[in-house]
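Have a look at query-v2.cif; it's mmCIF, C-alpha atoms:
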```
data_input
#
loop_
_atom_site.label_atom_id
_atom_site.label_comp_id
_atom_site.auth_asym_id
_atom_site.auth_seq_id
_atom_site.Cartn_x
_atom_site.Cartn_y
_atom_site.Cartn_z
CA MET A 1 11.42 -208.72 23.21
CA ARG A 2 15.14 -209.29 23.83
CA GLY A 3 16.84 -212.68 23.73
CA SER A 4 16.59 -215.76 21.56
CA VAL A 5 16.37 -218.24 24.43
CA ALA A 6 14.34 -216.72 27.24
CA LEU A 7 10.78 -215.62 26.82
CA LEU A 8 11.67 -212.70 29.05
CA THR A 9 14.93 -210.96 29.85
CA LEU A 10 15.02 -212.71 33.19
CA ALA A 11 16.49 -211.04 36.19
CA GLY A 12 19.86 -211.55 37.76
CA CYS A 13 20.92 -212.70 41.15
CA LEU A 14 18.74 -211.45 43.97
CA ALA A 15 21.28 -211.42 46.79
CA ALA A 16 18.91 -209.98 49.34
CA PHE A 17 16.37 -212.77 49.01
CA GLY A 18 18.06 -215.11 51.46
CA ALA A 19 17.81 -212.41 54.10
CA ALA A 20 14.19 -211.82 53.12
CA GLU A 21 13.34 -215.46 53.73
CA ALA A 22 15.10 -215.41 57.10
CA SER A 23 13.38 -212.23 58.27
CA ALA A 24 9.97 -212.12 59.87
CA ALA A 25 7.59 -212.27 56.94
CA ALA A 26 4.36 -210.33 56.80
CA ALA A 27 1.22 -212.44 56.89
CA THR A 28 -0.04 -210.86 53.68
CA PRO A 29 1.62 -208.92 50.84
CA THR A 30 1.88 -205.15 51.06
CA TYR A 31 1.20 -204.69 47.34
CA GLU A 32 -1.06 -206.26 44.73
CA LEU A 33 0.49 -208.62 42.19
CA ALA A 34 -2.76 -209.55 40.42
CA GLY A 35 -3.88 -207.47 37.45
CA GLY A 36 -2.31 -206.20 34.23
CA TRP A 37 1.43 -205.65 33.68
CA SER A 38 3.56 -204.67 30.68
CA PHE A 39 7.16 -205.35 29.65
CA HIS A 40 8.67 -203.78 26.53
CA GLY A 41 5.22 -203.41 24.98
CA ASP A 42 4.09 -206.96 25.77
CA GLU A 43 1.18 -207.29 28.21
CA TYR A 44 0.33 -209.95 30.78
CA ARG A 45 -2.64 -210.63 33.05
CA PHE A 46 -1.98 -212.04 36.52
CA THR A 47 -4.79 -213.82 38.37
CA SER A 48 -4.99 -215.52 41.75
CA LYS A 49 -6.34 -219.00 42.48
CA HIS A 50 -6.03 -220.93 45.74
CA GLY A 51 -3.35 -218.57 47.02
CA ALA A 52 -1.13 -218.84 43.92
CA VAL A 53 -0.76 -216.15 41.26
CA SER A 54 -0.12 -216.94 37.58
CA GLY A 55 0.29 -214.67 34.55
CA ARG A 56 -0.82 -215.19 30.95
CA SER A 57 0.22 -213.33 27.81
CA LEU A 58 -2.49 -211.07 26.38
CA ALA A 59 -1.12 -211.38 22.82
CA SER A 60 1.17 -213.70 20.90
CA VAL A 61 4.84 -212.98 21.60
CA ARG A 62 7.68 -213.79 19.20
CA VAL A 63 11.04 -214.83 20.68
CA GLY A 64 13.53 -215.40 17.88
CA HIS A 65 11.90 -217.94 15.55
CA CYS A 66 9.51 -219.12 18.30
CA VAL A 67 6.02 -217.84 19.05
CA VAL A 68 4.39 -217.96 22.46
CA ARG A 69 0.69 -217.86 21.73
CA LYS A 70 -1.84 -215.53 23.26
CA GLY A 71 -3.20 -216.87 26.53
CA SER A 72 -0.13 -218.98 27.33
CA VAL A 73 0.88 -219.20 30.99
CA VAL A 74 4.22 -217.41 31.22
CA PHE A 75 4.41 -216.95 35.01
CA SER A 76 3.32 -220.06 36.90
CA SER A 77 2.15 -220.59 40.49
CA TYR A 78 3.83 -217.75 42.35
CA ARG A 79 3.31 -217.80 46.10
CA PHE A 80 4.01 -215.02 48.54
CA ALA A 81 7.25 -215.64 50.47
CA ALA A 82 8.07 -212.54 52.53
CA THR A 83 8.13 -208.78 52.81
CA HIS A 84 11.64 -207.42 53.27
CA GLY A 85 13.06 -203.93 52.93
CA GLY A 86 9.68 -202.54 51.90
CA SER A 87 9.21 -204.98 48.98
CA ASP A 88 7.15 -208.16 48.60
CA TYR A 89 8.84 -211.35 47.37
CA TRP A 90 7.02 -214.08 45.45
CA LYS A 91 8.48 -217.43 44.35
CA GLY A 92 7.28 -219.40 41.33
CA ARG A 93 8.37 -220.43 37.85
CA VAL A 94 8.71 -218.58 34.55
CA ALA A 95 8.48 -220.05 31.03
CA LEU A 96 11.42 -220.26 28.63
CA VAL A 97 11.40 -221.32 24.98
CA ALA A 98 14.49 -222.56 23.20
CA GLY A 99 15.89 -224.72 20.44
CA LYS A 100 14.92 -225.76 16.95
CA HIS A 101 11.55 -227.07 18.13
CA CYS A 102 10.85 -224.19 20.53
CA ARG A 103 10.86 -226.50 23.50
CA ARG A 104 9.20 -224.92 26.51
CA ARG A 105 10.41 -225.30 30.08
CA LEU A 106 9.69 -223.67 33.43
CA VAL A 107 12.54 -222.44 35.64
CA THR A 108 12.54 -221.18 39.22
CA SER A 109 11.81 -217.47 39.46
CA THR A 110 11.44 -214.67 42.01
CA ILE A 111 9.24 -211.60 41.64
CA LYS A 112 10.04 -208.54 43.76
CA VAL A 113 7.05 -206.19 43.99
CA GLU A 114 8.31 -202.73 44.91
CA SER A 115 4.97 -200.93 44.65
CA ASP A 116 1.52 -201.38 43.14
CA LEU A 117 3.00 -199.89 39.95
CA ARG A 118 6.26 -201.82 39.50
CA PHE A 119 7.85 -205.24 39.93
CA THR A 120 11.08 -206.93 38.85
CA GLU A 121 11.48 -210.59 37.91
CA SER A 122 14.65 -212.64 38.36
CA SER A 123 15.68 -216.23 37.69
CA ARG A 124 18.59 -218.50 36.85
CA LEU A 125 18.72 -219.81 33.30
CA PRO A 126 19.78 -223.39 32.48
CA GLY A 127 23.54 -223.55 32.94
CA GLY A 128 23.46 -221.06 35.83
CA ARG A 129 23.50 -217.80 33.87
CA ARG A 130 21.69 -214.90 35.56
CA PRO A 131 20.61 -212.10 33.18
CA PRO A 132 19.81 -208.57 34.44
CA PRO A 133 16.41 -207.96 36.12
CA SER A 134 13.29 -207.48 34.01
CA THR A 135 11.17 -204.52 35.15
CA PHE A 136 7.39 -204.59 34.63
CA SER A 137 4.98 -201.64 34.81
CA ARG A 138 1.39 -201.74 36.03
CA ILE A 139 -1.46 -201.43 33.54
CA ARG A 140 -4.15 -199.59 35.48
CA PRO A 141 -7.62 -201.16 35.33
CA PRO A 142 -10.18 -199.20 33.29
CA LEU A 143 -13.01 -197.33 34.96
CA SER A 144 -16.25 -199.29 35.18
CA SER A 145 -19.79 -198.35 36.12
CA SER A 146 -19.94 -201.60 38.10
CA ASP A 147 -16.69 -201.07 40.02
CA PRO A 148 -17.12 -202.19 43.67
CA VAL A 149 -15.83 -198.84 44.94
CA ILE A 150 -19.05 -197.24 43.70
CA GLY A 151 -21.54 -196.80 46.52
CA THR A 152 -21.87 -195.08 49.89
CA TRP A 153 -19.11 -195.42 52.49
CA LEU A 154 -19.66 -194.60 56.17
CA ARG A 155 -17.33 -193.42 58.92
CA ASN A 156 -18.35 -191.84 62.24
CA GLY A 157 -21.93 -191.49 61.04
CA ALA A 158 -21.08 -189.52 57.89
CA GLY A 159 -21.29 -190.88 54.37
CA VAL A 160 -19.25 -190.41 51.21
CA VAL A 161 -21.13 -191.27 48.01
CA VAL A 162 -18.80 -192.50 45.24
CA LYS A 163 -19.94 -192.35 41.61
CA ARG A 164 -18.24 -192.54 38.25
CA GLU A 165 -17.93 -189.03 36.81
CA GLY A 166 -15.99 -188.67 33.58
CA ARG A 167 -12.50 -190.12 33.93
CA LEU A 168 -12.58 -190.45 37.73
CA TYR A 169 -14.57 -191.89 40.60
CA ILE A 170 -15.81 -188.91 42.61
CA GLY A 171 -16.76 -189.08 46.29
CA ARG A 172 -19.20 -186.43 47.59
CA ALA A 173 -20.34 -185.76 51.13
CA ARG A 174 -23.75 -187.35 51.66
CA GLU A 175 -24.53 -184.86 54.45
CA GLY A 176 -22.68 -182.03 56.14
CA PHE A 177 -20.02 -183.15 58.61
CA ALA A 178 -17.48 -181.48 60.89
CA ILE A 179 -13.73 -181.84 60.36
CA ALA A 180 -10.81 -181.42 62.75
CA ASN A 181 -10.06 -177.76 61.94
CA GLY A 182 -13.53 -176.67 63.07
CA CYS A 183 -15.14 -176.36 59.66
CA THR A 184 -18.22 -178.15 58.37
CA VAL A 185 -18.04 -179.74 54.94
CA SER A 186 -21.37 -179.11 53.24
CA ALA A 187 -23.46 -181.87 51.70
CA GLY A 188 -22.61 -182.48 48.06
CA SER A 189 -19.01 -181.25 48.38
CA VAL A 190 -16.40 -183.25 46.49
CA VAL A 191 -14.10 -184.82 49.09
CA TRP A 192 -12.49 -187.72 47.16
CA ARG A 193 -11.11 -188.09 43.65
CA LEU A 194 -10.06 -191.66 42.80
CA ARG A 195 -8.89 -193.75 39.87
CA PRO A 196 -8.11 -197.46 39.70
CA LEU A 197 -4.56 -198.45 40.62
CA ALA A 198 -4.78 -202.25 40.76
CA PRO A 199 -7.59 -204.75 41.44
CA GLY A 200 -9.34 -203.45 44.57
CA ARG A 201 -6.89 -200.54 44.95
CA TYR A 202 -7.18 -196.87 44.05
CA SER A 203 -5.05 -193.75 44.12
CA GLY A 204 -6.09 -190.12 44.10
CA THR A 205 -6.62 -187.14 46.39
CA ILE A 206 -8.76 -185.90 49.24
CA GLN A 207 -10.00 -182.34 49.45
CA THR A 208 -8.67 -180.26 52.35
CA PHE A 209 -10.19 -177.02 53.63
CA PHE A 210 -8.89 -173.80 55.13
CA GLY A 211 -9.92 -173.04 58.68
CA PRO A 212 -12.77 -170.80 59.88
CA PRO A 213 -14.30 -168.48 59.14
CA GLY A 214 -14.01 -169.01 55.38
CA CYS A 215 -13.53 -172.80 55.28
CA ALA A 216 -12.72 -172.51 51.56
CA PRO A 217 -11.35 -175.52 49.67
CA ALA A 218 -7.58 -175.80 50.05
CA ALA A 219 -5.02 -178.30 48.71
CA LEU A 220 -5.66 -181.76 47.27
CA ASP A 221 -3.69 -184.22 49.40
CA PRO A 222 -2.51 -187.52 47.83
CA THR A 223 -4.01 -190.66 49.33
CA SER A 224 -4.89 -194.25 48.45
CA TRP A 225 -7.76 -196.66 49.09
CA GLN A 226 -8.04 -200.43 49.36
CA LEU A 227 -11.14 -202.63 49.39
CA ALA A 228 -11.24 -205.27 52.11
CA ARG A 229 -13.53 -207.85 53.72
CA SER A 230 -15.16 -208.97 50.48
CA ASN A 231 -15.63 -205.37 49.33
CA SER A 232 -17.62 -204.43 52.44
CA GLN A 233 -14.86 -202.19 53.80
CA LEU A 234 -12.85 -199.42 52.15
CA VAL A 235 -9.65 -198.35 53.91
CA ARG A 236 -8.18 -194.95 53.08
CA GLN A 237 -4.43 -194.70 53.66
CA SER A 238 -2.83 -191.27 54.09
CA THR A 239 0.71 -190.50 52.96
CA GLN A 240 1.63 -190.34 56.67
CA GLY A 241 0.59 -193.99 57.07
CA GLN A 242 -2.70 -193.37 58.90
CA ALA A 243 -5.54 -195.78 58.05
CA PHE A 244 -9.19 -194.66 57.96
CA PRO A 245 -11.65 -197.57 57.52
CA TYR A 246 -15.09 -196.99 55.98
CA THR A 247 -17.93 -199.49 55.86
CA ARG A 248 -20.36 -199.93 53.00
CA ALA A 249 -23.82 -198.49 53.67
#
```
Take the structure in the file and give it back as structure tokens.
Amino acid sequence: MRGSVALLTLAGCLAAFGAAEASAAAATPTYELAGGWSFHGDEYRFTSKHGAVSGRSLASVRVGHCVVRKGSVVFSSYRFAATHGGSDYWKGRVALVAGKHCRRRLVTSTIKVESDLRFTESSRLPGGRRPPPSTFSRIRPPLSSSDPVIGTWLRNGAGVVVKREGRLYIGRAREGFAIANGCTVSAGSVVWRLRPLAPGRYSGTIQTFFGPPGCAPAALDPTSWQLARSNSQLVRQSTQGQAFPYTRA
């Protein structure tokens, strides 16, 4: 990891943040900050408690002659501030280590979450120096046979049964149902293919079908899903921004 003073290569000045604070903030973040993230091969786990999100190192990290031990809190008490320009902004503190005795201190920090797969972190070091932004990449959660997406999801009287199959979660039609182009999707047909994106979030495709009379399978359209209401609702979001809520059977 670069740098002999900072635990991270902390980000530079975030000029747009003042405007973000002044703008009308969304009530909730657009993207998920909790979960696993990596930076230059080092991995961190972010968890939420009482509305604040903190991140711990998943392995010991050496910075110069100092060692930040596994499980140390590196990102402390970030709280959602605003959504501006399509990105979420969180304010908290990040850990630095410095000096002969590896003294640890926390400095003010901003995280800009640009998507469920990427965020950048920025802060001002002691003395006012502002290094370039640090870019983190999402570590997708592993598949699990106990994942809350597994089950039967209902919309307009029709069910989609989601099970773990190989390296994906597969959703199959519980019964035949009609779609907008006049075709009927037969029971057992694969209609969803999902994989974990972040805690409670999934990305994948839905199956489309050609029109009558053949109604053969057509393209796989990208889409995403998000669990809501204590995992009792699953909202599918199309690339056109349409939301399709499903309730757990």
So, counting all atoms listed in the file, which residue among A:Phe119, A:Tyr202, A:Phe177, A:Trp37 is closest to A:Gln237? A:Tyr202
Written as a list in words, which residues does the PyMOL selection byres ((chain A and resi 44) around 7) give for the file shown?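 Evaluating the PyMOL selection byres ((chain A and resi 44) around 7) on this file yields Gly36, Trp37, Ser38, Asp42, Glu43, Arg45, Phe46, Gly55, Arg56, Ser57 and Leu58 of chain A.
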Find the distance between atom CA of A:Tyr78 and atom CA of A:Ser54 and write it in Å to one decimal. 6.2 Å
If you count only C-alpha atoms, which residues fall within 10 Å of A:Pro142, apart from same-chain ones fewer than 6 positions away, as a VMD selection string? chain A and resid 167 195 to 198
Using all atoms listed in the file, which of A:Ser230, A:Ser60, A:Asn156, A:Ser87 sits nearest A:Thr28? A:Ser87
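The result of the PyMOL selection byres ((chain A and resi 117) around 6) on the shown file is Ser115, Asp116, Arg118, Ser137 and Arg138 of chain A.
A straight line drawn from atom CA of A:Ala98 to atom CA of A:Val61 is 13.7 Å long.
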One decimal place gives the atom CA of A:Ala216-atom CA of A:Ala249 separation as 28.3 Å
Residues near A:Leu234, cut-off 10 Å, only C-alpha atoms, skip fewer than 5 positions along chain, as number ranges by chain: A: 148-149, 153-154, 200-201, 225-229, 244-248
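The smallest atom-to-atom distance between A:Gly211 and any of A:Pro199, A:Gly241, A:Gly182, A:Gly159, using all atoms listed in the file, is found for A:Gly182.
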With all atoms listed in the file as the basis for distance, which of A:Arg174, A:Ser77, A:Ala158, A:Cys183 is at the shortest distance from A:His50?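 Distance minimum relative to A:His50 lands on A:Ser77.
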Starting from the displayed file, determine the output of the PyMOL selection byres ((chain A and resi 143) around 10) and express the residue list as a list in words. Arg140, Pro141, Pro142, Ser144, Ser145, Ser146, Asp147, Arg164, Glu165, Gly166, Arg167, Leu168, Tyr169, Arg195 and Pro196 of chain A
A:Pro212: which residues within 12 Å, counting all atoms listed in the file, same-chain residues fewer than 3 positions away excluded, as a VMD selection string? chain A and resid 178 to 185 209 215 to 217
If you count only C-alpha atoms, which residues fall within 8 Å of A:Glu121, apart from same-chain ones fewer than 5 positions away, as a count of residues only? 10
Find the axis-aligned box for stretch 64-74 of chain A, covering all its listed atoms and adding 6 Å on each side, and write its centre and edge lengths in Å to one decimal as JSON.
```
{"center_x": 5.2, "center_y": -217.3, "center_z": 23.4, "size_x": 28.7, "size_y": 15.8, "size_z": 27.7}
```
Please, could N, CA, C and O atoms be added to stretch 176-195 of chain A and the result written as a CSV table (one decimal), keeping the file's coordinate frame?
```
chain,number,residue,atom,x,y,z
A,176,GLY,N,-23.7,-182.9,55.6
A,176,GLY,CA,-22.7,-182.0,56.1
A,176,GLY,C,-22.0,-182.7,57.3
A,176,GLY,O,-22.7,-183.4,58.1
A,177,PHE,N,-20.7,-182.6,57.5
A,177,PHE,CA,-20.0,-183.2,58.6
A,177,PHE,C,-18.9,-182.3,59.0
A,177,PHE,O,-18.3,-181.5,58.2
A,178,ALA,N,-18.6,-182.3,60.3
A,178,ALA,CA,-17.5,-181.5,60.9
A,178,ALA,C,-16.1,-182.2,60.7
A,178,ALA,O,-16.0,-183.4,60.7
A,179,ILE,N,-15.1,-181.3,60.5
A,179,ILE,CA,-13.7,-181.8,60.4
A,179,ILE,C,-12.9,-181.2,61.5
A,179,ILE,O,-13.3,-180.3,62.2
A,180,ALA,N,-11.6,-181.7,61.6
A,180,ALA,CA,-10.8,-181.4,62.8
A,180,ALA,C,-10.5,-179.9,62.9
A,180,ALA,O,-10.3,-179.5,64.0
A,181,ASN,N,-10.4,-179.2,61.8
A,181,ASN,CA,-10.1,-177.8,61.9
A,181,ASN,C,-11.2,-176.9,62.3
A,181,ASN,O,-11.1,-175.6,62.3
A,182,GLY,N,-12.4,-177.4,62.6
A,182,GLY,CA,-13.5,-176.7,63.1
A,182,GLY,C,-14.5,-176.3,62.0
A,182,GLY,O,-15.6,-175.7,62.3
A,183,CYS,N,-14.2,-176.7,60.8
A,183,CYS,CA,-15.1,-176.4,59.7
A,183,CYS,C,-16.2,-177.5,59.5
A,183,CYS,O,-16.0,-178.6,60.0
A,184,THR,N,-17.2,-177.2,58.8
A,184,THR,CA,-18.2,-178.2,58.4
A,184,THR,C,-18.2,-178.3,56.9
A,184,THR,O,-18.4,-177.3,56.2
A,185,VAL,N,-18.0,-179.5,56.4
A,185,VAL,CA,-18.0,-179.7,54.9
A,185,VAL,C,-19.5,-179.9,54.6
A,185,VAL,O,-20.2,-180.7,55.1
A,186,SER,N,-20.0,-179.1,53.6
A,186,SER,CA,-21.4,-179.1,53.2
A,186,SER,C,-21.7,-180.3,52.4
A,186,SER,O,-20.9,-180.9,51.7
A,187,ALA,N,-23.0,-180.7,52.5
A,187,ALA,CA,-23.5,-181.9,51.7
A,187,ALA,C,-23.3,-181.6,50.2
A,187,ALA,O,-23.5,-180.5,49.7
A,188,GLY,N,-22.8,-182.6,49.5
A,188,GLY,CA,-22.6,-182.5,48.1
A,188,GLY,C,-21.2,-182.1,47.7
A,188,GLY,O,-20.8,-182.1,46.5
A,189,SER,N,-20.4,-181.7,48.7
A,189,SER,CA,-19.0,-181.2,48.4
A,189,SER,C,-18.2,-182.4,47.9
A,189,SER,O,-18.3,-183.6,48.4
A,190,VAL,N,-17.3,-182.2,46.9
A,190,VAL,CA,-16.4,-183.2,46.5
A,190,VAL,C,-15.3,-183.4,47.5
A,190,VAL,O,-14.6,-182.4,47.8
A,191,VAL,N,-15.1,-184.6,48.1
A,191,VAL,CA,-14.1,-184.8,49.1
A,191,VAL,C,-13.1,-185.8,48.6
A,191,VAL,O,-11.9,-185.9,49.1
A,192,TRP,N,-13.4,-186.7,47.7
A,192,TRP,CA,-12.5,-187.7,47.2
A,192,TRP,C,-12.5,-187.6,45.6
A,192,TRP,O,-13.5,-187.4,45.0
A,193,ARG,N,-11.3,-187.9,45.1
A,193,ARG,CA,-11.1,-188.1,43.6
A,193,ARG,C,-10.2,-189.3,43.5
A,193,ARG,O,-9.1,-189.3,44.0
A,194,LEU,N,-10.8,-190.4,42.9
A,194,LEU,CA,-10.1,-191.7,42.8
A,194,LEU,C,-10.0,-192.1,41.4
A,194,LEU,O,-10.8,-191.8,40.5
A,195,ARG,N,-8.9,-193.0,41.1
A,195,ARG,CA,-8.9,-193.8,39.9
A,195,ARG,C,-8.3,-195.1,40.2
A,195,ARG,O,-7.5,-195.2,41.1
```
